[in-house]
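S.K.: Below: one structure in structure tokens.
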Amino acid sequence: MISRNTVRGDFSVDKLRAIPSYLYAMKPLLAWIFPGQGSQAVGMGQAFYDEDAEARALFTEAGQVLGYDLARLCFEGPPEQLNLTEYTQPALLTVSVTALRMLQRTGLRPAAVAGHSLGEYTALVAAGGLKFADAVALVRTRGRFMQEAVEDGRGLVCALLGLDGPAVAEVCQEASALGIVSPANFNAPYQVVIAGEKPAVEEAVRLAKAKGCRKVIPLAVSVPVHTRLMAPAAERLAAEVMRVPLQDLEVPLINNAEAKPLQKAADVRASLIKQLASSVLWEDSVRVIQNMGIHTLVEIGPGRVLSGLAKRIAPELRLLNVQDQASLSSTVEALAA
């Protein structure tokens, strides 16, 4: 058994390097999944930063790309700024890549990757398709385009619990008389996120409650992403996506827009452009991963939102996470046991 001390401090990983020799011969295979907006919190990433030189270097590199002290924003806030899309996106990506680098030191490798919305960009870094600095710059630009596409106060994003996808689509259609509203994320059975213009979203929520929706959760997302309100942002982002260096992937990415495995750079570019104004098919993505013979998911980054969704989608999946030293140690120990 590997002790927790093995993965603390400067992460001496001599014992961990021996793990892949037998893990790769075992089933189930691993998929790495990466969170998106809504998982951010002041203090995220600080546990790694305080104890590891590579973690500090990643935050420094991101700060140089961004032109501000990203570490201070992540560790001290204020939360109002951290929750603004153009700041949330590079912050979450940097924290998730930091956790990724710590896990990669063990020698473990995934059979597939996926990310929820913004997390898809982190997944591309994990799959070897996108360099970290390029990803930071790209998601900063993506966040800014999204923020500029819809003025403050116009949009609203809410999770609806207790209605299935067709029922949610129906209430959105009824509420669209008051403005743009549509399903943004099909996250899990009976958990669908809707987004759009505030009056229309509020009407959709009222109609959903009348149909039996048991809970409504407003989300800390400052723009109505994955709706047609993002079409202007997607058009602007297309030029940036076509310009950024992107390699074919080392392992398949299960994409958001279609829930299918992608590895060719050209396919990934097209998917990233389509993603912004399309619904996130997360439930379908998890089922695709499962159908690939993968039964262990490792959520890498702040929180355990995706683990909670995966448990609702397929309770038989094995779910692990990496967001600090303790969870890294627990995950490695669980895989080695």
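In the structure tokens, the first chain shown is A, the next is B, and so on; residue numbers restart at 1 for each chain, and ligands run from 1 in the order shown.
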Can you pull out every residue within 12 Å of Gly153 (chain A), counting only C-alpha atoms, but drop anything in the same chain fewer than 5 positions away, and send it as a list in words?
M.R.: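 Contacts, in chain order: Gln147, Gly196, Glu197, Lys198, Pro199, Val221, Ser222, Val223 and Pro224 of chain A.
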S.K.: Give me a file of those residues, with N, CA and C atoms, as a tab-separated table (two decimals), in the first residue's frame.
M.R.:
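Result saved to selection00.tsv:
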chain	number	residue	atom	x	y	z
A	147	GLN	N	-18.72	36.88	-22.25
A	147	GLN	CA	-19.16	37.97	-21.39
A	147	GLN	C	-19.69	39.14	-22.21
A	196	GLY	N	-30.69	31.29	-20.63
A	196	GLY	CA	-31.25	32.20	-21.61
A	196	GLY	C	-31.49	33.57	-21.01
A	197	GLU	N	-32.44	34.29	-21.59
A	197	GLU	CA	-32.77	35.63	-21.10
A	197	GLU	C	-33.60	35.50	-19.82
A	198	LYS	N	-33.32	36.38	-18.88
A	198	LYS	CA	-33.86	36.22	-17.52
A	198	LYS	C	-35.38	36.06	-17.47
A	199	PRO	N	-36.18	36.90	-18.12
A	199	PRO	CA	-37.64	36.72	-18.02
A	199	PRO	C	-38.09	35.36	-18.54
A	221	VAL	N	-22.89	31.14	-12.86
A	221	VAL	CA	-22.39	31.31	-14.22
A	221	VAL	C	-22.92	32.65	-14.70
A	222	SER	N	-22.02	33.52	-15.13
A	222	SER	CA	-22.44	34.90	-15.37
A	222	SER	C	-23.04	35.14	-16.75
A	223	VAL	N	-23.01	34.13	-17.63
A	223	VAL	CA	-23.60	34.29	-18.96
A	223	VAL	C	-24.38	33.03	-19.32
A	224	PRO	N	-25.42	33.16	-20.17
A	224	PRO	CA	-26.23	32.00	-20.56
A	224	PRO	C	-25.56	31.17	-21.66
S.K.: Which region 22-71 of chain A residues have any atom within 7 Å of an atom of region 115-130 of chain A, and for each, what is the nearest pair of atoms with distance in Å to one decimal, counting only C-alpha atoms, rows sorted by chain and number, as JSON lines?
M.R.:
{"residue": "A:Ile33", "atom": "CA", "partner": "A:Gly115", "partner_atom": "CA", "distance": 5.3}
{"residue": "A:Phe34", "atom": "CA", "partner": "A:Gly115", "partner_atom": "CA", "distance": 4.4}
{"residue": "A:Pro35", "atom": "CA", "partner": "A:Gly119", "partner_atom": "CA", "distance": 5.0}
{"residue": "A:Gly36", "atom": "CA", "partner": "A:Gly119", "partner_atom": "CA", "distance": 4.7}
{"residue": "A:Gln37", "atom": "CA", "partner": "A:Leu118", "partner_atom": "CA", "distance": 6.7}
S.K.: Would you mind telling me which residue in A:Ala210, A:Ile300, A:Ala188, A:Val168 lies nearest to Leu92 (chain A) when using only C-alpha atoms?
M.R.: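 Ranked by minimum distance to Leu92 (chain A), first place goes to A:Ile300.
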S.K.: Give me the residues near Thr296 (chain A) as a PyMOL selection string, where near means some atom within 10 Å (using only C-alpha atoms) and where sequence neighbours in that chain fewer than 4 positions away do not count.
M.R.: chain A and resi 27-32+110+289-290+316-320+335
S.K.: Quick one: of A:Glu203, A:Asp134, A:Asp52, A:Glu283, who's nearest to Asp324 (chain A), counting only C-alpha atoms?
M.R.: A:Asp52
S.K.: Residues within 8 Å of Val201 (chain A), please, as a ChimeraX atom specification. Count only C-alpha atoms; anything in the same chain fewer than 4 positions from it doesn't count.
M.R.: /A:156-158,172,175,180-181,194-197,205
S.K.: Write down as an NGL selection string the residues belonging to region 89-297 of chain A that are assigned strand (DSSP E or B) by DSSP computed on the backbone.
M.R.: :A and (112-115 or 155-161 or 181-188 or 191-197 or 215-218 or 253-254 or 261-262 or 280 or 294-297)
S.K.: Write to file, as an mmCIF file, in the first residue's frame, the residues of the selection just made, with C-alpha atoms.
M.R.:
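Listing of out.cif after writing:
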data_model
loop_
_atom_site.group_PDB
_atom_site.id
_atom_site.type_symbol
_atom_site.label_atom_id
_atom_site.label_comp_id
_atom_site.auth_asym_id
_atom_site.auth_seq_id
_atom_site.Cartn_x
_atom_site.Cartn_y
_atom_site.Cartn_z
ATOM 1 C CA ALA A 112 -10.287 8.550 -22.677
ATOM 2 C CA VAL A 113 -10.914 12.095 -21.463
ATOM 3 C CA ALA A 114 -13.917 14.396 -21.255
ATOM 4 C CA GLY A 115 -14.677 17.799 -19.793
ATOM 5 C CA GLY A 155 -29.056 36.233 -18.700
ATOM 6 C CA LEU A 156 -29.878 33.580 -16.112
ATOM 7 C CA VAL A 157 -28.759 29.956 -15.663
ATOM 8 C CA CYS A 158 -30.620 27.439 -13.446
ATOM 9 C CA ALA A 159 -30.466 23.707 -12.813
ATOM 10 C CA LEU A 160 -33.829 21.928 -12.766
ATOM 11 C CA LEU A 161 -34.107 18.734 -10.736
ATOM 12 C CA VAL A 181 -34.473 30.003 -23.177
ATOM 13 C CA SER A 182 -33.336 26.444 -23.867
ATOM 14 C CA PRO A 183 -31.764 23.384 -22.248
ATOM 15 C CA ALA A 184 -28.052 24.133 -21.885
ATOM 16 C CA ASN A 185 -26.766 20.988 -20.154
ATOM 17 C CA PHE A 186 -28.290 17.526 -20.110
ATOM 18 C CA ASN A 187 -26.307 16.601 -17.019
ATOM 19 C CA ALA A 188 -27.975 13.483 -15.636
ATOM 20 C CA GLN A 191 -31.146 17.055 -13.934
ATOM 21 C CA VAL A 192 -31.133 19.551 -16.777
ATOM 22 C CA VAL A 193 -29.667 23.054 -16.782
ATOM 23 C CA ILE A 194 -31.552 25.766 -18.635
ATOM 24 C CA ALA A 195 -30.191 29.131 -19.707
ATOM 25 C CA GLY A 196 -31.249 32.204 -21.610
ATOM 26 C CA GLU A 197 -32.775 35.627 -21.098
ATOM 27 C CA LYS A 215 -35.802 21.819 -6.972
ATOM 28 C CA VAL A 216 -34.367 24.825 -8.823
ATOM 29 C CA ILE A 217 -30.717 25.809 -8.311
ATOM 30 C CA PRO A 218 -29.459 29.160 -9.695
ATOM 31 C CA LEU A 253 -11.971 13.085 -26.241
ATOM 32 C CA ILE A 254 -15.688 12.441 -25.730
ATOM 33 C CA PRO A 261 -14.996 10.168 -29.448
ATOM 34 C CA LEU A 262 -12.713 12.572 -31.310
ATOM 35 C CA VAL A 280 -23.746 19.921 -23.365
ATOM 36 C CA ILE A 294 -14.278 2.143 -18.946
ATOM 37 C CA HIS A 295 -15.730 1.793 -15.468
ATOM 38 C CA THR A 296 -13.528 4.104 -13.389
ATOM 39 C CA LEU A 297 -13.785 7.896 -13.695
#
S.K.: May I have the residues within 10 Å of region 75-90 of chain A as a PyMOL selection string, using only C-alpha atoms and disregarding those fewer than 5 positions away in the same chain?
M.R.: chain A and resi 36-47+49+62-63+65-66+70+95-96+118-119+121-122+135-148+220-223+225
S.K.: Residues of region 250-304 of chain A in helix (DSSP H, G or I) according to DSSP, as a list of chain:residue names?
M.R.: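 The helix (DSSP H, G or I) subset of region 250-304 of chain A is A:Ala265, A:Ala266, A:Asp267, A:Val268, A:Arg269, A:Ala270, A:Ser271, A:Leu272, A:Ile273, A:Lys274, A:Gln275, A:Trp282, A:Glu283, A:Asp284, A:Ser285, A:Val286, A:Arg287, A:Val288, A:Ile289, A:Gln290, A:Asn291.
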S.K.: Can those selected residues be exported to a file as a short mmCIF file (atom, residue, chain, number, x, y, z; two decimals), in the first residue's frame so that it contains C-alpha atoms?
M.R.:
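File written: again.cif
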data_model
loop_
_atom_site.label_atom_id
_atom_site.label_comp_id
_atom_site.auth_asym_id
_atom_site.auth_seq_id
_atom_site.Cartn_x
_atom_site.Cartn_y
_atom_site.Cartn_z
CA ALA A 265 -7.30 18.01 -34.58
CA ALA A 266 -9.65 19.15 -37.35
CA ASP A 267 -12.60 17.40 -35.70
CA VAL A 268 -11.70 18.90 -32.33
CA ARG A 269 -11.55 22.43 -33.77
CA ALA A 270 -15.00 22.08 -35.32
CA SER A 271 -16.37 20.68 -32.06
CA LEU A 272 -15.01 23.53 -29.93
CA ILE A 273 -16.69 26.08 -32.19
CA LYS A 274 -19.98 24.18 -32.17
CA GLN A 275 -19.86 23.62 -28.41
CA TRP A 282 -22.99 15.16 -20.47
CA GLU A 283 -25.27 12.24 -19.62
CA ASP A 284 -24.72 10.80 -23.08
CA SER A 285 -20.97 11.39 -22.79
CA VAL A 286 -20.72 9.39 -19.58
CA ARG A 287 -22.68 6.55 -21.17
CA VAL A 288 -20.35 6.58 -24.19
CA ILE A 289 -17.36 6.31 -21.85
CA GLN A 290 -19.01 3.39 -20.09
CA ASN A 291 -19.73 1.68 -23.43
#
S.K.: Identify which of the residues A:Met230, A:Ala53, A:Cys213, A:Leu58 lies closest to Ala149 (chain A), counting only C-alpha atoms when measuring atom-to-atom distances.
M.R.: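 Nearest to Ala149 (chain A): A:Met230.
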